[in-house]
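This is final-v8.pdb. It holds PDB, C-alpha atoms, pLDDT in the B column.
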ATOM      1  CA  MET A  20       0.000   0.000   0.000  1.00 33.00           C
ATOM      2  CA  SER A  21       1.246   3.474  -0.846  1.00 31.00           C
ATOM      3  CA  LEU A  22       0.673   6.580   1.225  1.00 31.00           C
ATOM      4  CA  GLU A  23       0.241   9.590  -1.027  1.00 33.00           C
ATOM      5  CA  ILE A  24      -2.162  12.256  -2.284  1.00 33.00           C
ATOM      6  CA  ALA A  25      -4.871  11.401  -4.818  1.00 42.00           C
ATOM      7  CA  ASN A  26      -7.811  13.145  -6.438  1.00 47.00           C
ATOM      8  CA  SER A  27     -11.307  13.118  -4.933  1.00 51.00           C
ATOM      9  CA  THR A  28     -14.649  14.553  -5.940  1.00 51.00           C
ATOM     10  CA  ASN A  29     -14.907  15.867  -2.380  1.00 60.00           C
ATOM     11  CA  PRO A  30     -12.676  18.928  -1.790  1.00 51.00           C
ATOM     12  CA  SER A  31     -12.483  18.210   1.944  1.00 62.00           C
ATOM     13  CA  LEU A  32     -10.758  14.892   1.166  1.00 68.00           C
ATOM     14  CA  SER A  33      -8.427  15.909  -1.636  1.00 69.00           C
ATOM     15  CA  SER A  34      -5.793  17.260   0.748  1.00 77.00           C
ATOM     16  CA  LEU A  35      -5.725  14.109   2.903  1.00 80.00           C
ATOM     17  CA  SER A  36      -3.279  11.238   2.732  1.00 83.00           C
ATOM     18  CA  HIS A  37      -4.678   7.909   1.627  1.00 84.00           C
ATOM     19  CA  ILE A  38      -3.951   4.250   1.167  1.00 83.00           C
ATOM     20  CA  GLU A  39      -5.079   2.124  -1.761  1.00 87.00           C
ATOM     21  CA  ALA A  40      -6.885  -1.153  -1.229  1.00 87.00           C
ATOM     22  CA  GLU A  41      -8.968  -3.724  -3.082  1.00 90.00           C
ATOM     23  CA  LEU A  42     -12.723  -3.452  -2.416  1.00 91.00           C
ATOM     24  CA  ASN A  43     -15.290  -5.960  -3.659  1.00 94.00           C
ATOM     25  CA  TYR A  44     -18.381  -4.775  -5.540  1.00 94.00           C
ATOM     26  CA  ILE A  45     -21.296  -6.818  -6.869  1.00 95.00           C
ATOM     27  CA  THR A  46     -21.601  -7.158 -10.642  1.00 94.00           C
ATOM     28  CA  PRO A  47     -24.970  -6.431 -12.329  1.00 93.00           C
ATOM     29  CA  MET A  48     -27.318  -9.417 -12.436  1.00 94.00           C
ATOM     30  CA  ALA A  49     -30.868 -10.138 -13.624  1.00 94.00           C
ATOM     31  CA  GLU A  50     -32.133 -12.006 -10.551  1.00 96.00           C
ATOM     32  CA  LYS A  51     -32.296 -10.668  -7.009  1.00 97.00           C
ATOM     33  CA  PRO A  52     -29.033 -11.327  -5.135  1.00 97.00           C
ATOM     34  CA  TYR A  53     -29.182 -13.536  -2.057  1.00 97.00           C
ATOM     35  CA  LYS A  54     -26.898 -15.064   0.532  1.00 97.00           C
ATOM     36  CA  TYR A  55     -27.628 -17.757   3.116  1.00 97.00           C
ATOM     37  CA  VAL A  56     -26.274 -16.995   6.577  1.00 92.00           C
ATOM     38  CA  CYS A  57     -27.407 -20.476   7.638  1.00 92.00           C
ATOM     39  CA  GLU A  58     -26.829 -23.766   5.807  1.00 94.00           C
ATOM     40  CA  PRO A  59     -28.712 -23.598   2.474  1.00 96.00           C
ATOM     41  CA  PRO A  60     -31.048 -26.367   1.274  1.00 96.00           C
ATOM     42  CA  VAL A  61     -29.413 -29.254  -0.532  1.00 96.00           C
ATOM     43  CA  GLY A  62     -28.458 -28.280  -4.058  1.00 96.00           C
ATOM     44  CA  ILE A  63     -28.862 -24.528  -3.474  1.00 97.00           C
ATOM     45  CA  PRO A  64     -25.692 -22.367  -3.650  1.00 97.00           C
ATOM     46  CA  ARG A  65     -24.917 -20.373  -0.527  1.00 96.00           C
ATOM     47  CA  GLU A  66     -25.107 -17.190  -2.597  1.00 97.00           C
ATOM     48  CA  ASN A  67     -25.716 -16.215  -6.203  1.00 97.00           C
ATOM     49  CA  CYS A  68     -23.607 -13.051  -6.275  1.00 95.00           C
ATOM     50  CA  VAL A  69     -20.524 -12.431  -8.383  1.00 95.00           C
ATOM     51  CA  TYR A  70     -18.111  -9.767  -7.188  1.00 95.00           C
ATOM     52  CA  GLU A  71     -15.368  -7.833  -8.878  1.00 94.00           C
ATOM     53  CA  SER A  72     -12.465  -6.218  -7.092  1.00 94.00           C
ATOM     54  CA  HIS A  73     -11.406  -2.610  -7.653  1.00 91.00           C
ATOM     55  CA  ARG A  74      -8.389  -0.831  -6.266  1.00 90.00           C
ATOM     56  CA  VAL A  75      -9.551   2.460  -4.787  1.00 86.00           C
ATOM     57  CA  PRO A  76      -8.167   5.244  -2.592  1.00 85.00           C
ATOM     58  CA  ILE A  77      -9.326   5.199   1.030  1.00 85.00           C
ATOM     59  CA  TRP A  78      -8.796   8.535   2.722  1.00 84.00           C
ATOM     60  CA  ASN A  79      -7.387   8.965   6.202  1.00 84.00           C
ATOM     61  CA  GLY A  80     -10.360  10.441   8.027  1.00 81.00           C
ATOM     62  CA  ARG A  81      -8.612  11.323  11.292  1.00 81.00           C
ATOM     63  CA  ALA A  82      -7.881  14.883  10.178  1.00 81.00           C
ATOM     64  CA  ILE A  83     -11.549  15.650   9.482  1.00 85.00           C
ATOM     65  CA  THR A  84     -13.277  13.975  12.437  1.00 86.00           C
ATOM     66  CA  SER A  85     -14.654  17.333  13.600  1.00 88.00           C
ATOM     67  CA  GLU A  86     -16.390  17.766  10.213  1.00 88.00           C
ATOM     68  CA  LEU A  87     -18.222  14.426  10.312  1.00 88.00           C
ATOM     69  CA  SER A  88     -21.942  14.152  10.990  1.00 90.00           C
ATOM     70  CA  LEU A  89     -24.449  11.305  11.099  1.00 91.00           C
ATOM     71  CA  ASP A  90     -26.877  13.456   9.126  1.00 90.00           C
ATOM     72  CA  ARG A  91     -24.358  14.329   6.386  1.00 88.00           C
ATOM     73  CA  GLN A  92     -21.735  11.623   5.849  1.00 88.00           C
ATOM     74  CA  GLY A  93     -23.604   9.025   7.935  1.00 90.00           C
ATOM     75  CA  PHE A  94     -20.813   8.244  10.420  1.00 90.00           C
ATOM     76  CA  LEU A  95     -18.717   9.671  13.253  1.00 90.00           C
ATOM     77  CA  PHE A  96     -15.300   8.835  14.682  1.00 89.00           C
ATOM     78  CA  LEU A  97     -15.339   9.075  18.478  1.00 88.00           C
ATOM     79  CA  SER A  98     -13.558   8.006  21.658  1.00 88.00           C
ATOM     80  CA  HIS A  99     -15.229   5.872  24.293  1.00 90.00           C
ATOM     81  CA  HIS A 100     -13.866   4.086  27.347  1.00 90.00           C
ATOM     82  CA  SER A 101     -15.478   0.763  28.221  1.00 93.00           C
ATOM     83  CA  VAL A 102     -15.099  -1.123  31.482  1.00 94.00           C
ATOM     84  CA  VAL A 103     -15.655  -4.462  29.718  1.00 95.00           C
ATOM     85  CA  ASN A 104     -12.721  -6.767  30.438  1.00 94.00           C
ATOM     86  CA  ASN A 105     -13.504  -9.490  27.910  1.00 94.00           C
ATOM     87  CA  PHE A 106     -15.513  -8.736  24.775  1.00 94.00           C
ATOM     88  CA  TYR A 107     -15.668 -12.461  24.029  1.00 94.00           C
ATOM     89  CA  ASP A 108     -17.766 -12.967  27.171  1.00 95.00           C
ATOM     90  CA  GLU A 109     -21.445 -12.708  26.200  1.00 95.00           C
ATOM     91  CA  ASN A 110     -22.512 -11.907  29.761  1.00 97.00           C
ATOM     92  CA  GLU A 111     -20.166  -8.920  29.894  1.00 97.00           C
ATOM     93  CA  ILE A 112     -21.444  -7.711  26.537  1.00 96.00           C
ATOM     94  CA  ARG A 113     -25.090  -7.837  27.563  1.00 96.00           C
ATOM     95  CA  GLU A 114     -24.727  -6.766  31.185  1.00 97.00           C
ATOM     96  CA  ILE A 115     -22.020  -4.097  30.824  1.00 97.00           C
ATOM     97  CA  TYR A 116     -21.514  -3.096  27.195  1.00 96.00           C
ATOM     98  CA  TYR A 117     -25.171  -2.869  26.208  1.00 97.00           C
ATOM     99  CA  PRO A 118     -25.947  -0.269  28.921  1.00 97.00           C
ATOM    100  CA  GLU A 119     -22.682   1.555  28.149  1.00 96.00           C
ATOM    101  CA  SER A 120     -23.406   1.793  24.448  1.00 95.00           C
ATOM    102  CA  GLU A 121     -27.043   2.764  24.944  1.00 96.00           C
ATOM    103  CA  GLN A 122     -26.002   5.653  27.154  1.00 96.00           C
ATOM    104  CA  PHE A 123     -23.242   6.637  24.736  1.00 94.00           C
ATOM    105  CA  VAL A 124     -25.559   6.736  21.712  1.00 94.00           C
ATOM    106  CA  LYS A 125     -28.136   8.681  23.698  1.00 94.00           C
ATOM    107  CA  GLU A 126     -25.543  11.315  24.627  1.00 94.00           C
ATOM    108  CA  VAL A 127     -24.206  11.635  21.076  1.00 93.00           C
ATOM    109  CA  THR A 128     -27.537  11.698  19.244  1.00 93.00           C
ATOM    110  CA  GLY A 129     -29.908  13.180  21.809  1.00 93.00           C
ATOM    111  CA  ALA A 130     -32.251  10.216  21.336  1.00 93.00           C
ATOM    112  CA  ALA A 131     -35.133   9.828  23.775  1.00 93.00           C
ATOM    113  CA  ARG A 132     -34.492   6.080  24.008  1.00 93.00           C
ATOM    114  CA  VAL A 133     -31.838   3.657  22.761  1.00 95.00           C
ATOM    115  CA  ILE A 134     -32.274  -0.128  22.570  1.00 95.00           C
ATOM    116  CA  ASP A 135     -29.353  -2.500  21.940  1.00 95.00           C
ATOM    117  CA  PHE A 136     -30.487  -5.711  20.255  1.00 94.00           C
ATOM    118  CA  ASP A 137     -27.523  -7.427  18.576  1.00 94.00           C
ATOM    119  CA  TYR A 138     -23.746  -7.587  18.325  1.00 95.00           C
ATOM    120  CA  ASN A 139     -21.072  -9.217  16.164  1.00 94.00           C
ATOM    121  CA  LEU A 140     -17.483 -10.181  16.877  1.00 95.00           C
ATOM    122  CA  ARG A 141     -15.137 -10.083  13.873  1.00 93.00           C
ATOM    123  CA  ASN A 142     -11.812 -11.926  14.060  1.00 92.00           C
ATOM    124  CA  THR A 143     -10.488 -13.902  11.113  1.00 92.00           C
ATOM    125  CA  GLN A 144      -8.185 -16.194  13.091  1.00 91.00           C
ATOM    126  CA  LYS A 145     -10.702 -17.017  15.822  1.00 93.00           C
ATOM    127  CA  ALA A 146     -13.418 -17.609  13.233  1.00 93.00           C
ATOM    128  CA  LYS A 147     -11.180 -20.087  11.366  1.00 94.00           C
ATOM    129  CA  GLU A 148     -10.494 -21.812  14.686  1.00 94.00           C
ATOM    130  CA  GLY A 149     -14.221 -22.247  15.154  1.00 92.00           C
ATOM    131  CA  VAL A 150     -14.578 -20.017  18.212  1.00 92.00           C
ATOM    132  CA  LYS A 151     -18.301 -19.778  18.976  1.00 90.00           C
ATOM    133  CA  GLY A 152     -19.972 -16.488  18.129  1.00 90.00           C
ATOM    134  CA  VAL A 153     -17.035 -15.094  16.103  1.00 94.00           C
ATOM    135  CA  SER A 154     -17.246 -14.309  12.379  1.00 93.00           C
ATOM    136  CA  GLU A 155     -14.818 -13.161   9.727  1.00 92.00           C
ATOM    137  CA  PRO A 156     -14.979  -9.552   8.464  1.00 92.00           C
ATOM    138  CA  ILE A 157     -17.417  -8.919   5.627  1.00 92.00           C
ATOM    139  CA  ARG A 158     -15.306  -8.186   2.580  1.00 91.00           C
ATOM    140  CA  ARG A 159     -17.883  -6.700   0.225  1.00 92.00           C
ATOM    141  CA  ILE A 160     -19.315  -3.209  -0.139  1.00 92.00           C
ATOM    142  CA  HIS A 161     -22.648  -3.241   1.658  1.00 93.00           C
ATOM    143  CA  ASN A 162     -25.133  -1.454   3.859  1.00 93.00           C
ATOM    144  CA  ASP A 163     -26.782  -3.540   6.575  1.00 93.00           C
ATOM    145  CA  TYR A 164     -30.383  -2.453   5.990  1.00 94.00           C
ATOM    146  CA  THR A 165     -32.775  -1.210   3.361  1.00 95.00           C
ATOM    147  CA  PRO A 166     -35.690   1.035   4.409  1.00 93.00           C
ATOM    148  CA  ASN A 167     -37.987  -2.024   4.356  1.00 94.00           C
ATOM    149  CA  SER A 168     -35.724  -4.330   6.348  1.00 95.00           C
ATOM    150  CA  GLY A 169     -34.733  -1.552   8.741  1.00 94.00           C
ATOM    151  CA  TYR A 170     -38.365  -0.900   9.596  1.00 95.00           C
ATOM    152  CA  GLN A 171     -39.161  -4.609   9.934  1.00 95.00           C
ATOM    153  CA  ARG A 172     -36.127  -5.333  12.116  1.00 95.00           C
ATOM    154  CA  SER A 173     -36.979  -2.379  14.361  1.00 96.00           C
ATOM    155  CA  ARG A 174     -40.570  -3.578  14.627  1.00 96.00           C
ATOM    156  CA  ASN A 175     -39.483  -7.117  15.493  1.00 95.00           C
ATOM    157  CA  GLU A 176     -37.109  -5.917  18.198  1.00 95.00           C
ATOM    158  CA  LEU A 177     -39.762  -3.687  19.779  1.00 96.00           C
ATOM    159  CA  LEU A 178     -42.196  -6.604  19.853  1.00 96.00           C
ATOM    160  CA  ALA A 179     -39.472  -8.790  21.399  1.00 95.00           C
ATOM    161  CA  ILE A 180     -39.182  -6.482  24.425  1.00 95.00           C
ATOM    162  CA  GLY A 181     -42.924  -6.416  24.969  1.00 95.00           C
ATOM    163  CA  ILE A 182     -43.991  -3.251  23.164  1.00 93.00           C
ATOM    164  CA  ASP A 183     -47.510  -3.805  21.814  1.00 90.00           C
ATOM    165  CA  ASN A 184     -47.755  -0.818  19.478  1.00 92.00           C
ATOM    166  CA  PRO A 185     -44.461  -0.717  17.530  1.00 96.00           C
ATOM    167  CA  ASP A 186     -46.016   0.771  14.389  1.00 96.00           C
ATOM    168  CA  ARG A 187     -47.221   3.812  16.297  1.00 95.00           C
ATOM    169  CA  ILE A 188     -43.798   4.295  17.872  1.00 93.00           C
ATOM    170  CA  LEU A 189     -42.074   3.925  14.499  1.00 95.00           C
ATOM    171  CA  GLN A 190     -44.117   6.791  13.081  1.00 94.00           C
ATOM    172  CA  ASN A 191     -41.594   8.946  14.941  1.00 92.00           C
ATOM    173  CA  ARG A 192     -38.056   9.464  13.691  1.00 91.00           C
ATOM    174  CA  PHE A 193     -35.795   6.519  14.445  1.00 93.00           C
ATOM    175  CA  ASN A 194     -32.317   5.396  13.420  1.00 93.00           C
ATOM    176  CA  LEU A 195     -30.532   2.066  13.243  1.00 94.00           C
ATOM    177  CA  ILE A 196     -26.930   2.714  14.299  1.00 94.00           C
ATOM    178  CA  ASN A 197     -23.864   0.484  14.324  1.00 93.00           C
ATOM    179  CA  LEU A 198     -21.037   0.950  16.818  1.00 92.00           C
ATOM    180  CA  TRP A 199     -17.671  -0.487  15.784  1.00 91.00           C
ATOM    181  CA  ARG A 200     -14.604  -0.637  18.019  1.00 90.00           C
ATOM    182  CA  PRO A 201     -11.312  -2.554  18.215  1.00 88.00           C
ATOM    183  CA  ILE A 202     -11.188  -5.002  21.131  1.00 87.00           C
ATOM    184  CA  GLY A 203      -7.960  -5.964  22.852  1.00 78.00           C
ATOM    185  CA  HIS A 204      -5.537  -4.355  20.392  1.00 80.00           C
ATOM    186  CA  PRO A 205      -5.478  -1.982  17.414  1.00 81.00           C
ATOM    187  CA  VAL A 206      -6.905  -3.437  14.207  1.00 82.00           C
ATOM    188  CA  GLN A 207      -4.150  -4.464  11.789  1.00 80.00           C
ATOM    189  CA  GLU A 208      -6.067  -6.745   9.406  1.00 83.00           C
ATOM    190  CA  SER A 209      -9.262  -5.827   7.519  1.00 85.00           C
ATOM    191  CA  PRO A 210      -9.702  -2.395   9.114  1.00 84.00           C
ATOM    192  CA  LEU A 211     -13.129  -0.840   8.768  1.00 85.00           C
ATOM    193  CA  ALA A 212     -13.711   1.671   5.974  1.00 86.00           C
ATOM    194  CA  VAL A 213     -16.902   3.688   5.630  1.00 88.00           C
ATOM    195  CA  CYS A 214     -18.285   5.674   2.720  1.00 87.00           C
ATOM    196  CA  ASP A 215     -19.692   9.194   2.669  1.00 87.00           C
ATOM    197  CA  SER A 216     -23.390   8.523   2.120  1.00 86.00           C
ATOM    198  CA  ARG A 217     -23.670  11.550  -0.169  1.00 85.00           C
ATOM    199  CA  SER A 218     -21.145  10.211  -2.665  1.00 84.00           C
ATOM    200  CA  ILE A 219     -23.131   7.191  -3.896  1.00 84.00           C
ATOM    201  CA  PRO A 220     -26.530   7.630  -5.594  1.00 86.00           C
ATOM    202  CA  SER A 221     -29.336   5.237  -4.693  1.00 88.00           C
ATOM    203  CA  SER A 222     -29.099   3.722  -8.193  1.00 90.00           C
ATOM    204  CA  ASP A 223     -25.701   2.247  -7.266  1.00 91.00           C
ATOM    205  CA  TRP A 224     -27.191   0.148  -4.445  1.00 93.00           C
ATOM    206  CA  VAL A 225     -28.743  -3.270  -5.145  1.00 95.00           C
ATOM    207  CA  VAL A 226     -31.270  -4.825  -2.764  1.00 97.00           C
ATOM    208  CA  SER A 227     -30.122  -8.282  -1.641  1.00 97.00           C
ATOM    209  CA  ASP A 228     -31.779 -10.978   0.487  1.00 97.00           C
ATOM    210  CA  LEU A 229     -29.916 -12.165   3.573  1.00 96.00           C
ATOM    211  CA  ILE A 230     -31.436 -15.507   4.530  1.00 97.00           C
ATOM    212  CA  PHE A 231     -31.406 -16.741   8.143  1.00 94.00           C
ATOM    213  CA  ARG A 232     -32.975 -19.888   9.592  1.00 93.00           C
ATOM    214  CA  ASP A 233     -35.965 -17.986  10.940  1.00 90.00           C
ATOM    215  CA  ARG A 234     -36.227 -14.878   8.771  1.00 91.00           C
ATOM    216  CA  VAL A 235     -35.185 -13.146   5.583  1.00 94.00           C
ATOM    217  CA  GLY A 236     -33.592  -9.715   5.812  1.00 94.00           C
ATOM    218  CA  GLU A 237     -32.509  -7.265   3.151  1.00 96.00           C
ATOM    219  CA  THR A 238     -29.222  -5.457   2.696  1.00 96.00           C
ATOM    220  CA  TYR A 239     -27.797  -3.160   0.048  1.00 95.00           C
ATOM    221  CA  LEU A 240     -24.804  -4.254  -2.050  1.00 95.00           C
ATOM    222  CA  GLY A 241     -22.644  -1.705  -3.865  1.00 93.00           C
ATOM    223  CA  LEU A 242     -22.369  -1.846  -7.657  1.00 91.00           C
ATOM    224  CA  ALA A 243     -19.013  -1.362  -9.330  1.00 82.00           C
ATOM    225  CA  GLU A 244     -20.497   1.688 -11.091  1.00 75.00           C
ATOM    226  CA  SER A 245     -20.073   3.538  -7.788  1.00 66.00           C
ATOM    227  CA  VAL A 246     -16.280   3.147  -7.788  1.00 67.00           C
ATOM    228  CA  PRO A 247     -15.474   6.538  -9.389  1.00 60.00           C
ATOM    229  CA  ARG A 248     -17.904   8.333  -7.072  1.00 61.00           C
ATOM    230  CA  CYS A 249     -17.444   6.664  -3.696  1.00 65.00           C
ATOM    231  CA  ASP A 250     -15.542   8.701  -1.115  1.00 69.00           C
ATOM    232  CA  ALA A 251     -14.353   6.004   1.276  1.00 69.00           C
ATOM    233  CA  VAL A 252     -12.761   7.000   4.585  1.00 67.00           C
ATOM    234  CA  TRP A 253     -10.435   4.802   6.604  1.00 63.00           C
ATOM    235  CA  VAL A 254     -10.439   5.364  10.353  1.00 56.00           C
ATOM    236  CA  MET A 255     -10.517   2.024  12.117  1.00 48.00           C
ATOM    237  CA  ARG A 256      -6.846   1.076  12.430  1.00 53.00           C
ATOM    238  CA  SER A 257      -6.994   2.676  15.820  1.00 52.00           C
ATOM    239  CA  GLN A 258      -6.411   2.370  19.520  1.00 54.00           C
ATOM    240  CA  ILE A 259      -8.830   0.295  21.550  1.00 53.00           C
ATOM    241  CA  GLU A 260     -10.830   3.249  22.883  1.00 58.00           C
ATOM    242  CA  SER A 261     -11.663   4.523  19.396  1.00 62.00           C
ATOM    243  CA  MET A 262     -15.140   3.965  17.991  1.00 67.00           C
ATOM    244  CA  VAL A 263     -16.968   4.414  14.719  1.00 71.00           C
ATOM    245  CA  GLN A 264     -20.658   5.247  14.955  1.00 70.00           C
ATOM    246  CA  GLU A 265     -22.430   4.477  11.692  1.00 73.00           C
ATOM    247  CA  LYS A 266     -26.045   5.223  10.758  1.00 70.00           C
ATOM    248  CA  GLN A 267     -27.660   2.520   8.621  1.00 67.00           C
ATOM    249  CA  VAL A 268     -31.185   3.795   8.045  1.00 57.00           C
ATOM    250  CA  LYS A 269     -33.474   6.485   9.378  1.00 55.00           C
TER     251      LYS A 269
END
Could I get this structure in the form of structure tokens?
Amino acid sequence: MSLEIANSTNPSLSSLSHIEAELNYITPMAEKPYKYVCEPPVGIPRENCVYESHRVPIWNGRAITSELSLDRQGFLFLSHHSVVNNFYDENEIREIYYPESEQFVKEVTGAARVIDFDYNLRNTQKAKEGVKGVSEPIRRIHNDYTPNSGYQRSRNELLAIGIDNPDRILQNRFNLINLWRPIGHPVQESPLAVCDSRSIPSSDWVVSDLIFRDRVGETYLGLAESVPRCDAVWVMRSQIESMVQEKQVK
């Protein structure tokens, strides 16, 4: 990887240093893309997507953290101290980190209420060793929710905690937000990169089914047509108290 200056359609990025990396985009296809998160039925491929790799600049976002906004770019780079000792301990996650992160998101966004409902651990080596609950990084351009799946997931989670009128509550403004942080040591492999939401038009996103044992969700996959336009920012090769807050849908 080279560290140098490159051109960007965004003037605020053009003066920043960058690295170059291979990112994987879906190729156009006639049928709706899908991927099984669980074991697929016999004779059915796990996914029907074909990806192509493109080498793109990823800008060092540390110098512009004060300019970032959830309502503009769709992400923030923040610091947060956690008292969790072991992020691989599910009890610590649910009993300590969930309340910590709910309070943190409430302070940053001004939300009236925050509900944690899921988490993922990403570690390539531990995933290959078969450590329970650990997955490899996702190495394709994607957004976790579409407007339809974001609404449905929010509705399901409200019902799961005993709220009888989720549709009325969801008439108000709500956001689905991801929090990403290194655990244990700075990230050296597959660091997180995020894209300025304003730099990719909706036509460059493809709706894809994500199939679980008990439900079917939808995500967006990025088309290769977005490569010249996407302003990707790299901020996650960071110390363990650094955090990326990323808005998925509102």
Considering only C-alpha atoms, return as number ranges by chain whatever protein or nucleic-acid residues lie within 12 Å of A:Ile115, sequence-local ones (same chain, fewer than 5 positions apart) excluded. A: 101-106, 108-110, 120-122, 135
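When the PyMOL selection byres ((chain A and resi 148-156) around 9) is run on the displayed coordinates, the residues it returns are Tyr107, Asn139, Leu140, Arg141, Asn142, Thr143, Gln144, Lys145, Ala146, Lys147, Ile157, Arg158, Ser209, Pro210 and Leu211 of chain A.
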For the PyMOL selection byres ((chain A and resi 231) around 12), applied here, can you spell out every residue it catches as an mmCIF file with C-alpha atoms, in the coordinates of the input?
data_model
loop_
_atom_site.group_PDB
_atom_site.id
_atom_site.type_symbol
_atom_site.label_atom_id
_atom_site.label_comp_id
_atom_site.auth_asym_id
_atom_site.auth_seq_id
_atom_site.Cartn_x
_atom_site.Cartn_y
_atom_site.Cartn_z
ATOM 1 C CA TYR A 53 -29.182 -13.536 -2.057
ATOM 2 C CA LYS A 54 -26.898 -15.064 0.532
ATOM 3 C CA TYR A 55 -27.628 -17.757 3.116
ATOM 4 C CA VAL A 56 -26.274 -16.995 6.577
ATOM 5 C CA CYS A 57 -27.407 -20.476 7.638
ATOM 6 C CA GLU A 58 -26.829 -23.766 5.807
ATOM 7 C CA PRO A 59 -28.712 -23.598 2.474
ATOM 8 C CA PRO A 60 -31.048 -26.367 1.274
ATOM 9 C CA ARG A 65 -24.917 -20.373 -0.527
ATOM 10 C CA ASP A 228 -31.779 -10.978 0.487
ATOM 11 C CA LEU A 229 -29.916 -12.165 3.573
ATOM 12 C CA ILE A 230 -31.436 -15.507 4.530
ATOM 13 C CA ARG A 232 -32.975 -19.888 9.592
ATOM 14 C CA ASP A 233 -35.965 -17.986 10.940
ATOM 15 C CA ARG A 234 -36.227 -14.878 8.771
ATOM 16 C CA VAL A 235 -35.185 -13.146 5.583
ATOM 17 C CA GLY A 236 -33.592 -9.715 5.812
ATOM 18 C CA GLU A 237 -32.509 -7.265 3.151
#
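The spacing separating atom CA of A:Ile77 from atom CA of A:Glu265 amounts to 16.9 Å.
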Would you translate the PyMOL selection byres ((chain A and resi 159) around 8) into the concrete set of residues it matches in this file, as a PDB file with C-alpha atoms, keeping the file's coordinate frame?
ATOM      1  CA  LEU A  42     -12.723  -3.452  -2.416  1.00 91.00           C
ATOM      2  CA  ASN A  43     -15.290  -5.960  -3.659  1.00 94.00           C
ATOM      3  CA  TYR A  44     -18.381  -4.775  -5.540  1.00 94.00           C
ATOM      4  CA  ILE A  45     -21.296  -6.818  -6.869  1.00 95.00           C
ATOM      5  CA  ILE A 157     -17.417  -8.919   5.627  1.00 92.00           C
ATOM      6  CA  ARG A 158     -15.306  -8.186   2.580  1.00 91.00           C
ATOM      7  CA  ILE A 160     -19.315  -3.209  -0.139  1.00 92.00           C
ATOM      8  CA  HIS A 161     -22.648  -3.241   1.658  1.00 93.00           C
ATOM      9  CA  LEU A 240     -24.804  -4.254  -2.050  1.00 95.00           C
TER      10      LEU A 240
END
With all atoms of stretch 137-153 of chain A from the file as input, state the centre and edge lengths in Å to one decimal of the axis-aligned box that has 5 Å extra on each side, as AutoDock Vina command-line options.
--center_x -17.9 --center_y -14.8 --center_z 15.0 --size_x 29.3 --size_y 24.8 --size_z 17.9
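The closest residue to A:Asp137, picked from A:Asn162, A:Asn197, A:Leu189, A:Ser222 and counting only C-alpha atoms, is A:Asn197.
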How many Å separate atom CA of A:Phe96 from atom CA of A:Arg81? 7.9 Å
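As for atom CA of A:Asp186 and atom CA of A:Thr238, they are spaced 21.4 Å apart.
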Would you kindly identify which residues have an atom no farther than 8 Å from (-24.0, -14.3, -8.4), using only C-alpha atoms and the file's own coordinates, and write them out as number ranges by chain? A: 46, 48, 52, 66-70
Resulting file, chosen residues, C-alpha atoms, as a PDB file, in the coordinates of the input:
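Result file is part.pdb:
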ATOM      1  CA  THR A  46     -21.601  -7.158 -10.642  1.00 94.00           C
ATOM      2  CA  MET A  48     -27.318  -9.417 -12.436  1.00 94.00           C
ATOM      3  CA  PRO A  52     -29.033 -11.327  -5.135  1.00 97.00           C
ATOM      4  CA  GLU A  66     -25.107 -17.190  -2.597  1.00 97.00           C
ATOM      5  CA  ASN A  67     -25.716 -16.215  -6.203  1.00 97.00           C
ATOM      6  CA  CYS A  68     -23.607 -13.051  -6.275  1.00 95.00           C
ATOM      7  CA  VAL A  69     -20.524 -12.431  -8.383  1.00 95.00           C
ATOM      8  CA  TYR A  70     -18.111  -9.767  -7.188  1.00 95.00           C
TER       9      TYR A  70
END
Go through A:Thr165, A:Asn79, A:Ser72, A:Thr84 and flag the residue nearest A:Leu35, using all atoms listed in the file for the distances. A:Asn79
Near A:Ile180, within 12 Å and counting only C-alpha atoms, which residues show up once chain neighbours fewer than 5 positions away are dropped, as a PyMOL selection string? chain A and resi 134-136+173-175+185
Take the selection from the previous step and output its residues with C-alpha atoms, as a CSV table (one decimal), in the frame of the given file.
chain,number,residue,atom,x,y,z
A,134,ILE,CA,-32.3,-0.1,22.6
A,135,ASP,CA,-29.4,-2.5,21.9
A,136,PHE,CA,-30.5,-5.7,20.3
A,173,SER,CA,-37.0,-2.4,14.4
A,174,ARG,CA,-40.6,-3.6,14.6
A,175,ASN,CA,-39.5,-7.1,15.5
A,185,PRO,CA,-44.5,-0.7,17.5
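Distances to A:Pro47 were evaluated for A:Tyr239, A:Gln207, A:Ser218, A:Val225 using only C-alpha atoms, and the minimum falls at A:Val225.
Checking A:Val206, A:Val75, A:Ile63, A:Ile182 one by one against A:Glu39, counting all atoms listed in the file, you find the shortest gap at A:Val75.
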